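Next comes model22.csv, a file with CSV, C-alpha atoms.
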chain,number,residue,atom,x,y,z
A,11,MET,CA,8.3,14.2,-21.1
A,12,ALA,CA,5.7,12.1,-19.5
A,13,LYS,CA,2.1,13.2,-19.7
A,14,ASP,CA,-0.6,12.3,-17.2
A,15,TRP,CA,-4.1,11.5,-18.1
A,16,PRO,CA,-6.6,13.9,-16.6
A,17,LEU,CA,-7.4,13.5,-12.9
A,18,TRP,CA,-10.9,12.4,-11.8
A,19,GLU,CA,-12.5,12.5,-8.4
A,20,ILE,CA,-14.5,9.3,-7.6
A,21,PHE,CA,-17.7,9.1,-5.7
A,22,ILE,CA,-19.3,5.8,-4.7
A,23,ARG,CA,-22.7,4.9,-3.2
A,24,GLY,CA,-22.2,1.9,-1.0
A,25,GLN,CA,-25.8,0.9,-0.8
A,26,TYR,CA,-29.3,2.2,-1.5
A,27,GLY,CA,-30.4,5.0,0.9
A,28,LEU,CA,-26.9,6.4,1.3
A,29,SER,CA,-25.4,9.3,-0.6
A,30,HIS,CA,-22.4,9.0,-2.9
A,31,ARG,CA,-19.2,9.6,-1.0
A,32,HIS,CA,-15.9,10.8,-2.2
A,33,VAL,CA,-13.4,7.8,-2.0
A,34,GLY,CA,-10.4,9.1,-3.8
A,35,SER,CA,-9.1,10.1,-7.3
A,36,LEU,CA,-7.5,8.5,-10.3
A,37,HIS,CA,-6.2,9.2,-13.8
A,38,ALA,CA,-8.1,8.3,-16.9
A,39,PRO,CA,-8.3,9.5,-20.5
A,40,ASP,CA,-12.1,10.0,-20.5
A,41,ALA,CA,-15.2,9.6,-18.3
A,42,GLU,CA,-16.0,6.1,-19.5
A,43,MET,CA,-12.5,4.9,-18.7
A,44,ALA,CA,-12.6,6.7,-15.4
A,45,VAL,CA,-15.7,4.7,-14.4
A,46,LEU,CA,-14.1,1.4,-15.4
A,47,ASN,CA,-10.9,2.3,-13.6
A,48,ALA,CA,-12.9,3.3,-10.5
A,49,ARG,CA,-14.7,0.0,-10.6
A,50,ASP,CA,-11.3,-1.8,-10.5
A,51,VAL,CA,-9.6,0.5,-8.0
A,52,TYR,CA,-12.3,1.2,-5.5
A,53,THR,CA,-14.9,-1.6,-5.6
A,54,ARG,CA,-12.9,-4.8,-5.6
A,55,ARG,CA,-14.7,-6.0,-2.5
A,56,ASN,CA,-18.3,-5.1,-3.0
A,57,GLU,CA,-17.9,-1.5,-1.8
A,58,GLY,CA,-20.3,0.0,-4.3
A,59,MET,CA,-23.4,-0.1,-6.3
A,60,SER,CA,-23.1,3.2,-8.1
A,61,ILE,CA,-20.1,5.3,-9.2
A,62,TRP,CA,-19.9,9.0,-10.1
A,63,VAL,CA,-16.7,10.5,-11.7
A,64,VAL,CA,-16.0,14.2,-12.0
A,65,LYS,CA,-13.0,15.8,-13.5
A,66,SER,CA,-10.9,17.3,-10.7
A,67,ALA,CA,-10.4,20.5,-12.7
A,68,ASP,CA,-14.2,21.0,-12.8
A,69,ILE,CA,-14.5,21.1,-9.0
A,70,THR,CA,-14.6,24.5,-7.3
A,71,ALA,CA,-13.5,24.3,-3.7
A,72,THR,CA,-13.4,26.7,-0.8
A,73,ALA,CA,-9.9,27.8,0.1
A,74,PRO,CA,-8.6,26.5,3.5
A,75,ASP,CA,-7.4,30.1,4.4
A,76,ARG,CA,-10.9,31.4,3.9
A,77,LYS,CA,-12.3,29.0,6.5
A,78,GLY,CA,-13.0,31.9,8.9
A,79,PRO,CA,-15.1,34.2,6.7
A,80,MET,CA,-16.9,31.2,5.2
A,81,PHE,CA,-18.0,29.3,8.2
A,82,ASP,CA,-17.7,31.5,11.3
A,83,PRO,CA,-21.0,33.3,10.7
A,84,SER,CA,-22.9,30.0,11.5
A,85,ASN,CA,-21.1,29.7,14.8
A,86,ASP,CA,-22.8,32.8,16.4
A,87,LYS,CA,-26.3,31.7,15.4
A,88,THR,CA,-26.8,29.2,18.2
A,89,TYR,CA,-30.6,29.9,18.1
A,90,ARG,CA,-30.7,27.8,15.0
A,91,HIS,CA,-30.3,24.7,17.2
A,92,PRO,CA,-33.3,23.4,19.1
A,93,THR,CA,-31.4,23.2,22.3
A,94,PHE,CA,-31.1,27.0,22.4
A,95,PHE,CA,-34.7,27.1,23.7
A,96,ASP,CA,-35.6,25.9,27.2
A,97,ILE,CA,-39.0,24.3,27.2
A,98,PRO,CA,-40.4,23.6,30.7
A,99,ASP,CA,-40.7,19.9,31.7
A,100,GLU,CA,-44.4,20.4,32.2
A,101,VAL,CA,-44.9,21.1,28.5
A,102,GLY,CA,-43.6,17.6,27.7
A,103,SER,CA,-41.4,16.6,24.7
A,104,MET,CA,-41.2,18.9,21.8
B,26,MET,CA,2.9,23.1,5.2
B,27,PRO,CA,6.7,23.3,5.9
B,28,GLU,CA,8.7,22.5,2.7
B,29,ALA,CA,10.9,19.9,4.3
B,30,TYR,CA,7.9,18.0,5.7
B,31,ARG,CA,6.3,18.0,2.2
B,32,LYS,CA,9.5,16.9,0.5
B,33,ASN,CA,10.0,14.0,3.0
B,34,LEU,CA,6.4,12.9,2.6
B,35,ILE,CA,6.7,12.9,-1.2
B,36,ARG,CA,9.9,10.7,-0.9
B,37,GLN,CA,8.3,8.3,1.6
B,38,ILE,CA,4.8,8.0,-0.1
B,39,SER,CA,6.3,7.6,-3.6
B,40,GLN,CA,8.8,5.0,-2.4
B,41,HIS,CA,5.9,3.2,-0.8
B,42,ALA,CA,3.9,3.4,-4.1
B,43,HIS,CA,6.8,2.1,-6.1
B,44,SER,CA,7.2,-0.8,-3.7
B,45,GLU,CA,3.6,-1.8,-4.3
B,46,VAL,CA,4.1,-1.7,-8.1
B,47,VAL,CA,7.4,-3.5,-8.2
B,48,GLY,CA,6.1,-6.0,-5.6
B,49,GLN,CA,3.8,-7.3,-8.3
B,50,LEU,CA,6.7,-8.7,-10.3
B,51,PRO,CA,8.0,-11.5,-8.1
B,52,GLU,CA,4.4,-12.8,-7.7
B,53,GLY,CA,3.2,-12.1,-11.2
B,54,ASN,CA,5.8,-14.5,-12.4
B,55,TRP,CA,3.8,-17.3,-10.7
B,56,ILE,CA,0.3,-16.5,-11.9
B,57,THR,CA,0.6,-18.8,-14.9
B,58,ARG,CA,2.4,-21.4,-12.9
B,59,ALA,CA,0.0,-21.7,-9.9
B,60,PRO,CA,-0.8,-25.3,-9.0
B,61,THR,CA,-4.6,-25.0,-9.2
B,62,LEU,CA,-7.1,-22.8,-10.8
B,63,GLU,CA,-8.3,-21.6,-7.4
B,64,ARG,CA,-4.7,-20.7,-6.4
B,65,LYS,CA,-4.3,-18.9,-9.7
B,66,ALA,CA,-7.4,-16.8,-9.1
B,67,ILE,CA,-6.4,-15.9,-5.6
B,68,LEU,CA,-2.9,-14.9,-6.6
B,69,LEU,CA,-4.3,-12.8,-9.5
B,70,ALA,CA,-6.6,-11.0,-7.0
B,71,LYS,CA,-3.7,-10.4,-4.7
B,72,VAL,CA,-1.5,-9.0,-7.5
B,73,GLN,CA,-4.4,-6.8,-8.6
B,74,ASP,CA,-4.6,-5.5,-5.1
B,75,GLU,CA,-1.0,-4.5,-5.2
B,76,ALA,CA,-1.6,-2.4,-8.3
B,77,GLY,CA,-4.5,-0.8,-6.5
B,78,HIS,CA,-2.3,0.0,-3.5
B,79,GLY,CA,0.2,1.6,-5.7
B,80,LEU,CA,-2.6,3.8,-7.1
B,81,TYR,CA,-4.0,4.8,-3.7
B,82,LEU,CA,-0.4,5.9,-2.7
B,83,TYR,CA,0.4,7.8,-5.9
B,84,SER,CA,-2.9,9.6,-5.4
B,85,ALA,CA,-1.9,10.5,-1.9
B,86,ALA,CA,1.5,11.8,-3.2
B,87,GLU,CA,-0.3,13.9,-5.9
B,88,THR,CA,-2.1,15.8,-3.2
B,89,LEU,CA,1.3,17.3,-2.3
B,90,GLY,CA,1.6,18.8,-5.8
B,91,VAL,CA,3.7,16.3,-7.7
B,92,SER,CA,2.6,14.5,-10.9
B,93,ARG,CA,2.3,10.7,-11.0
B,94,ALA,CA,4.0,10.7,-14.4
B,95,ASP,CA,7.1,12.4,-12.9
B,96,LEU,CA,7.2,9.9,-10.0
B,97,ILE,CA,7.0,7.0,-12.3
B,98,ASP,CA,9.7,8.5,-14.5
B,99,ASP,CA,11.9,8.7,-11.4
B,100,LEU,CA,11.3,5.0,-10.7
B,101,LEU,CA,11.9,3.9,-14.3
B,102,ALA,CA,15.1,5.9,-14.5
B,103,GLY,CA,16.4,4.4,-11.3
B,104,ARG,CA,16.4,7.7,-9.4
B,105,ALA,CA,13.7,6.4,-6.9
B,106,LYS,CA,14.0,3.6,-4.4
B,107,TYR,CA,11.5,0.8,-3.6
B,108,SER,CA,11.6,-1.9,-0.9
B,109,SER,CA,14.7,-4.1,-1.3
B,110,ILE,CA,12.7,-7.3,-0.6
B,111,PHE,CA,11.5,-7.3,-4.1
B,112,ASN,CA,15.0,-7.7,-5.4
B,113,TYR,CA,15.0,-11.3,-4.2
B,114,PRO,CA,13.8,-14.0,-6.5
B,115,THR,CA,10.7,-16.3,-6.1
B,116,LEU,CA,12.2,-19.6,-7.2
B,117,ASN,CA,9.2,-21.9,-6.7
B,118,TRP,CA,5.6,-22.1,-5.5
B,119,ALA,CA,6.6,-22.3,-1.8
B,120,ASP,CA,8.2,-18.9,-2.2
B,121,ILE,CA,4.7,-17.5,-3.1
B,122,GLY,CA,3.4,-18.8,0.2
B,123,ALA,CA,6.3,-17.4,2.1
B,124,VAL,CA,6.1,-14.0,0.4
B,125,GLY,CA,2.4,-13.5,1.2
B,126,TRP,CA,2.9,-14.7,4.8
B,127,LEU,CA,6.3,-13.0,5.6
B,128,VAL,CA,6.6,-10.0,3.3
B,129,ASP,CA,3.0,-8.9,3.5
B,130,GLY,CA,3.0,-9.8,7.2
B,131,ALA,CA,6.0,-7.5,7.8
B,132,ALA,CA,4.4,-4.8,5.6
B,133,ILE,CA,1.2,-5.0,7.7
B,134,VAL,CA,3.2,-4.3,10.9
B,135,ASN,CA,4.5,-1.0,9.4
B,136,GLN,CA,1.2,-0.1,7.7
B,137,VAL,CA,-1.0,-0.6,10.7
B,138,ALA,CA,1.1,2.0,12.5
B,139,LEU,CA,1.0,4.4,9.6
B,140,GLN,CA,-2.8,4.6,9.7
B,141,ARG,CA,-2.1,7.1,12.5
B,142,THR,CA,0.4,9.2,10.5
B,143,SER,CA,0.1,13.0,10.5
B,144,TYR,CA,-0.8,13.4,6.8
B,145,GLY,CA,-4.4,12.7,6.2
B,146,PRO,CA,-4.4,11.4,2.6
B,147,TYR,CA,-1.5,9.0,3.5
B,148,ALA,CA,-3.3,7.8,6.6
B,149,ARG,CA,-6.5,7.2,4.7
B,150,ALA,CA,-4.7,5.2,2.0
B,151,MET,CA,-3.2,3.1,4.8
B,152,VAL,CA,-6.6,2.3,6.2
B,153,ARG,CA,-7.8,1.0,2.9
B,154,ILE,CA,-4.6,-0.9,2.3
B,155,CYS,CA,-4.6,-2.6,5.7
B,156,LYS,CA,-8.1,-3.9,5.1
B,157,GLU,CA,-6.9,-5.7,2.0
B,158,GLU,CA,-3.4,-6.7,3.2
B,159,SER,CA,-4.8,-9.2,5.7
B,160,PHE,CA,-6.1,-11.3,2.9
B,161,HIS,CA,-2.6,-11.3,1.4
B,162,ALA,CA,-0.9,-12.6,4.5
B,163,ARG,CA,-3.6,-15.2,5.2
B,164,GLN,CA,-3.5,-16.6,1.6
B,165,GLY,CA,0.2,-16.9,2.0
B,166,TYR,CA,0.0,-18.8,5.3
B,167,ASP,CA,-2.6,-21.0,3.7
B,168,VAL,CA,-0.2,-22.0,1.0
B,169,MET,CA,2.5,-22.7,3.7
B,170,MET,CA,0.1,-24.9,5.7
B,171,LYS,CA,-0.8,-26.9,2.7
B,172,MET,CA,2.9,-27.5,1.9
B,173,SER,CA,4.1,-28.0,5.5
B,174,PHE,CA,1.4,-30.6,6.2
B,175,GLY,CA,1.8,-32.2,2.8
B,176,THR,CA,4.5,-34.6,1.6
B,177,GLU,CA,8.1,-34.6,2.9
B,178,ALA,CA,9.2,-33.0,-0.4
B,179,GLN,CA,6.6,-30.2,0.0
B,180,LYS,CA,7.5,-29.6,3.6
B,181,ALA,CA,11.2,-29.3,2.6
B,182,MET,CA,10.3,-26.7,0.0
B,183,ALA,CA,8.3,-24.8,2.6
B,184,GLN,CA,11.3,-24.9,5.0
B,185,ASP,CA,13.7,-23.8,2.2
B,186,ALA,CA,11.5,-20.8,1.3
B,187,LEU,CA,11.3,-19.8,4.9
B,188,ASN,CA,15.0,-20.1,5.3
B,189,ARG,CA,15.7,-17.8,2.3
B,190,LEU,CA,13.0,-15.2,3.0
B,191,TRP,CA,13.3,-14.9,6.8
B,192,TRP,CA,16.4,-12.6,6.7
B,193,PRO,CA,15.3,-10.3,3.9
B,194,ALA,CA,11.9,-10.0,5.7
B,195,LEU,CA,13.7,-8.8,8.9
B,196,MET,CA,15.6,-6.3,6.7
B,197,MET,CA,12.3,-4.8,5.5
B,198,PHE,CA,12.1,-2.8,8.7
B,199,GLY,CA,15.3,-1.0,7.8
B,200,PRO,CA,18.6,-0.8,9.5
B,201,PRO,CA,19.0,-0.6,13.3
B,202,GLU,CA,18.0,2.7,14.7
B,203,ALA,CA,21.5,4.1,15.0
B,204,GLU,CA,22.2,3.6,11.3
B,205,SER,CA,18.8,4.8,10.0
B,206,VAL,CA,19.2,8.1,8.0
B,207,HIS,CA,15.7,9.6,8.2
B,208,SER,CA,14.3,8.1,11.4
B,209,ALA,CA,14.5,10.7,14.1
B,210,GLN,CA,13.1,13.6,12.0
B,211,SER,CA,10.4,11.4,10.5
B,212,MET,CA,9.3,10.3,14.0
B,213,ALA,CA,9.1,13.9,15.1
B,214,TRP,CA,6.9,14.7,12.1
B,215,LYS,CA,4.8,11.6,12.8
B,216,ILE,CA,5.3,10.3,9.2
B,217,LYS,CA,7.0,7.4,10.9
B,218,ILE,CA,5.2,6.0,13.9
B,219,MET,CA,7.4,3.1,15.1
B,220,SER,CA,11.2,2.7,15.2
B,221,ASN,CA,12.7,0.1,12.8
B,222,ASP,CA,13.7,-2.1,15.8
B,223,GLU,CA,10.2,-1.9,17.4
B,224,GLY,CA,8.6,-3.0,14.2
B,225,ARG,CA,11.1,-5.8,13.7
B,226,GLN,CA,10.5,-7.1,17.3
B,227,LYS,CA,6.8,-7.1,16.7
B,228,PHE,CA,7.2,-9.0,13.5
B,229,VAL,CA,9.5,-11.6,15.1
B,230,ASP,CA,7.1,-12.0,18.1
B,231,GLN,CA,4.1,-12.7,15.9
B,232,THR,CA,5.8,-14.9,13.3
B,233,ILE,CA,7.8,-17.4,15.4
B,234,PRO,CA,4.7,-19.0,16.9
B,235,GLN,CA,3.3,-19.2,13.4
B,236,ILE,CA,6.5,-21.0,12.2
B,237,GLU,CA,6.1,-23.4,15.1
B,238,TYR,CA,2.5,-24.2,14.2
B,239,LEU,CA,3.7,-25.2,10.7
B,240,GLY,CA,6.2,-27.6,12.3
B,241,LEU,CA,9.0,-25.8,10.6
B,242,ASP,CA,12.4,-24.7,12.1
B,243,VAL,CA,13.0,-21.1,12.8
B,244,PRO,CA,15.9,-20.1,10.5
B,245,ASP,CA,17.5,-18.2,13.3
B,246,LYS,CA,19.1,-20.9,15.5
B,247,GLU,CA,19.7,-18.3,18.3
B,248,ALA,CA,16.1,-17.1,18.5
B,249,LYS,CA,14.5,-17.8,21.9
B,250,LEU,CA,11.7,-16.4,24.0
B,251,ASN,CA,12.8,-14.2,26.9
B,252,LYS,CA,10.3,-15.2,29.5
B,253,LYS,CA,10.9,-12.0,31.5
B,254,THR,CA,10.1,-9.5,28.7
B,255,GLY,CA,7.7,-11.8,26.8
B,256,HIS,CA,9.6,-11.0,23.6
B,257,TYR,CA,11.8,-13.2,21.4
B,258,GLU,CA,15.5,-12.5,21.2
B,259,TYR,CA,16.7,-12.9,17.6
B,260,SER,CA,19.9,-12.5,15.5
B,261,ASP,CA,20.6,-9.6,13.3
B,262,PRO,CA,20.4,-10.1,9.5
B,263,ASP,CA,23.5,-9.5,7.5
B,264,TRP,CA,23.3,-5.7,7.2
B,265,SER,CA,26.1,-5.5,4.7
B,266,GLU,CA,23.9,-7.6,2.3
B,267,PHE,CA,21.0,-5.1,3.0
B,268,PHE,CA,23.2,-2.1,2.0
B,269,ASP,CA,24.5,-3.9,-1.0
B,270,VAL,CA,21.0,-4.8,-2.3
B,271,LEU,CA,20.0,-1.1,-1.7
B,272,LYS,CA,22.9,0.0,-3.9
B,273,GLY,CA,21.5,-2.1,-6.7
B,274,ASN,CA,23.5,-5.3,-6.3
B,275,GLY,CA,20.7,-7.7,-5.2
B,276,PRO,CA,19.9,-10.8,-7.2
B,277,CYS,CA,17.1,-9.2,-9.2
B,278,ASN,CA,17.5,-5.4,-9.1
B,279,VAL,CA,18.4,-5.3,-12.9
B,280,ASP,CA,15.6,-7.7,-13.9
B,281,ARG,CA,13.0,-5.8,-11.9
B,282,MET,CA,13.8,-2.5,-13.5
B,283,ALA,CA,14.1,-4.1,-16.9
B,284,ALA,CA,10.7,-5.7,-16.6
B,285,ARG,CA,9.1,-2.5,-15.3
B,286,ASN,CA,10.6,-0.4,-18.1
B,287,LYS,CA,9.5,-3.0,-20.7
B,288,ALA,CA,5.9,-3.0,-19.4
B,289,HIS,CA,5.8,0.8,-19.4
B,290,ASP,CA,7.3,1.1,-22.9
B,291,ASP,CA,5.1,-1.7,-24.4
B,292,GLY,CA,2.0,0.0,-23.0
B,293,ALA,CA,2.9,3.5,-24.3
B,294,TRP,CA,1.0,3.1,-27.6
B,295,PHE,CA,-2.1,2.1,-25.7
B,296,ARG,CA,-2.0,4.9,-23.2
B,297,GLU,CA,-1.4,7.5,-25.9
B,298,GLY,CA,-4.1,5.9,-28.1
B,299,LEU,CA,-6.7,6.2,-25.3
B,300,LEU,CA,-5.8,9.9,-24.8
B,301,ALA,CA,-5.9,10.6,-28.6
B,302,HIS,CA,-9.3,9.0,-28.7
B,303,ALA,CA,-10.6,11.0,-25.8
B,304,GLU,CA,-9.3,14.3,-27.4
B,305,LYS,CA,-11.0,13.4,-30.7
B,306,GLN,CA,-14.3,12.7,-29.0
B,307,GLN,CA,-14.0,16.0,-27.1
B,308,ILE,CA,-13.4,18.0,-30.3
B,309,ALA,CA,-16.3,16.2,-32.0
B,310,ALA,CA,-18.6,17.1,-29.1
B,311,GLU,CA,-17.6,20.8,-29.2
Same coordinates, now as structure tokens:
Amino acid sequence: MAKDWPLWEIFIRGQYGLSHRHVGSLHAPDAEMAVLNARDVYTRRNEGMSIWVVKSADITATAPDRKGPMFDPSNDKTYRHPTFFDIPDEVGSM
Amino acid sequence: MPEAYRKNLIRQISQHAHSEVVGQLPEGNWITRAPTLERKAILLAKVQDEAGHGLYLYSAAETLGVSRADLIDDLLAGRAKYSSIFNYPTLNWADIGAVGWLVDGAAIVNQVALQRTSYGPYARAMVRICKEESFHARQGYDVMMKMSFGTEAQKAMAQDALNRLWWPALMMFGPPEAESVHSAQSMAWKIKIMSNDEGRQKFVDQTIPQIEYLGLDVPDKEAKLNKKTGHYEYSDPDWSEFFDVLKGNGPCNVDRMAARNKAHDDGAWFREGLLAHAEKQQIAAE
């Protein structure tokens, strides 16, 4: 029976000033090998200057079918956006 | 997600992944025989890309709830298919040029369309693959230019490679629409974007002018531009050969699977060793 190495999620920072971004996943026996594999799989063309690896099993995610209860409440709070308020032209930019 | 859609995606994405992995074999054979150090480095980079493409695709398949180990077992046991083109041999260096140019060129036609497929992880893998695939086709054409514009003997080798790989490259798009098993359903699901015949036409249209630039003869003597449609008319490959290779009777089917199984078995102690080491470290840390 074949046995897979644990699955890791890979995050790469493309350049200074940007956040790390999720680019994909891969299998590796441990974190050190996950970093080396990520270097070979995801940065063969100068795509990165920093790599994070996280065991997929350690990620807690929102469930797709809970999308409504999770995110709807922010939809009815339009006053959180600056465009909710009309500022008269005479006042100038704000 | 409907179960039939999921099943078909797993079949298609894993076959695609297997093709990338088995596709390393005909080229890997020439890494140690490349004519210059630069060509060797380029071919090594290309073959490494193919391994990467296999990994992106296995990852995409895994998002559908299958394990990579099981998919690879299916390949090694001969239960899974991969692209038939890789069951043809690469006899000499000109074949390496022709493979990059024609085989990767044909793959690009399919893969560019699949960037718009309905399953996100598959589409994203395609975007990444297409970016890299263009290097593959161009390095192949570069080899073909060098040989076509070289000595008479080199030009003859280039023509011979083109003659042998032209028909299998046309077959890569699959049988004509009427004989294609999964086509209609896959098109409806948008896991196939273009019909086999549309892809093949596109490939012929883009490739014949490239053959002419090299000063080589188009292997299909009947091929000619239809001025009205703007498309080339071309002859069908021998479909009985296609189905025969698919059944396992191609020139290299047995060799490819033997090489893949040997590499897998020879690497087992290393994969297991790394895992044992990781588990030991974990216990020590706890």
- Counting only C-alpha atoms, chain B residues within 8 Å of chain A, as JSON, numbers by chain: {"B": [77, 80, 81, 84, 92, 93, 94, 95, 98, 299, 300, 303]}
- Item | Spatial neighbours of Asp129 (chain B), 8 Å, only C-alpha atoms, chain gap at least 3 places, as a list in words |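 Counting only C-alpha atoms, the residues come to Val124, Gly125, Trp126, Ala132, Ile133, Glu158, His161 and Ala162 of chain B.
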- Gap from CA of Ala248 (chain B) to CA of Asn188 (chain B) - Å, one decimal: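 Interatomic distance, CA of Ala248 (chain B) to CA of Asn188 (chain B): 13.6 Å.
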- Query: CA of Leu100 (chain B) to CA of Val46 (chain B): how many Å, to one decimal?
  - Reply: 10.2 Å
- Rounded to one decimal place, report the CA of Cys155 (chain B)-CA of Asp74 (chain B) distance in Å.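 According to the coordinates, CA of Cys155 (chain B) and CA of Asp74 (chain B) are separated by 11.2 Å.
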Find the residues around Val243 (chain B) up to 10 Å (all atoms listed in the file counted), leave out those fewer than 5 positions away in its own chain, and share them as a short mmCIF file (atom, residue, chain, number, x, y, z; two decimals) with C-alpha atoms, keeping the file's coordinate frame.
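After the write, result_36.cif holds the following:
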data_model
loop_
_atom_site.label_atom_id
_atom_site.label_comp_id
_atom_site.auth_asym_id
_atom_site.auth_seq_id
_atom_site.Cartn_x
_atom_site.Cartn_y
_atom_site.Cartn_z
CA GLN B 184 11.30 -24.90 5.00
CA LEU B 187 11.30 -19.80 4.90
CA ASN B 188 15.00 -20.10 5.30
CA TRP B 191 13.30 -14.90 6.80
CA THR B 232 5.80 -14.90 13.30
CA ILE B 233 7.80 -17.40 15.40
CA PRO B 234 4.70 -19.00 16.90
CA GLN B 235 3.30 -19.20 13.40
CA ILE B 236 6.50 -21.00 12.20
CA GLU B 237 6.10 -23.40 15.10
CA ALA B 248 16.10 -17.10 18.50
CA LYS B 249 14.50 -17.80 21.90
#
- Message: Residues near Ala183 (chain B), anyone? I mean within 9 Å using all atoms listed in the file, not counting same-chain ones fewer than 2 positions away, as a list in words.
- Response: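 Everything that qualifies: Trp118, Ala119, Asp120, Gly122, Ala123, Met169, Met170, Met172, Ser173, Ala178, Gln179, Lys180, Ala181, Asp185, Ala186, Leu187, Asn188 and Leu241 of chain B.
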- Mind checking which residues fall within 10 Å of Gln25 (chain A), counting all atoms listed in the file, ignoring those fewer than 5 positions away in the same chain, and posting them as a ChimeraX atom specification? /A:30,56-60
- Query: Could you pull the residues within 12 Å of region 260-275 of chain B, counting only C-alpha atoms, minus those fewer than 4 positions along the same chain, as a ChimeraX atom specification?
  - Reply: /B:103-114,189-201,204-205,222,225-226,229,243-249,279-282
- Message: Taking (1.1, 1.9, 6.2) in the coordinates of the supplied file, I want to know which residues reach to within 8 Å of it, counting only C-alpha atoms; could you give the answer as a ChimeraX atom specification?
- Response: /B:132-133,135-140,148,150-152,154-155
- Message: For a quick check of understanding, using all atoms listed in the file, which of B:Glu304, B:Glu45, B:Asp242, B:Asp230 has the smallest distance to Val128 (chain B)?
- Response: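 Among the listed residues, B:Glu45 lies closest to Val128 (chain B).
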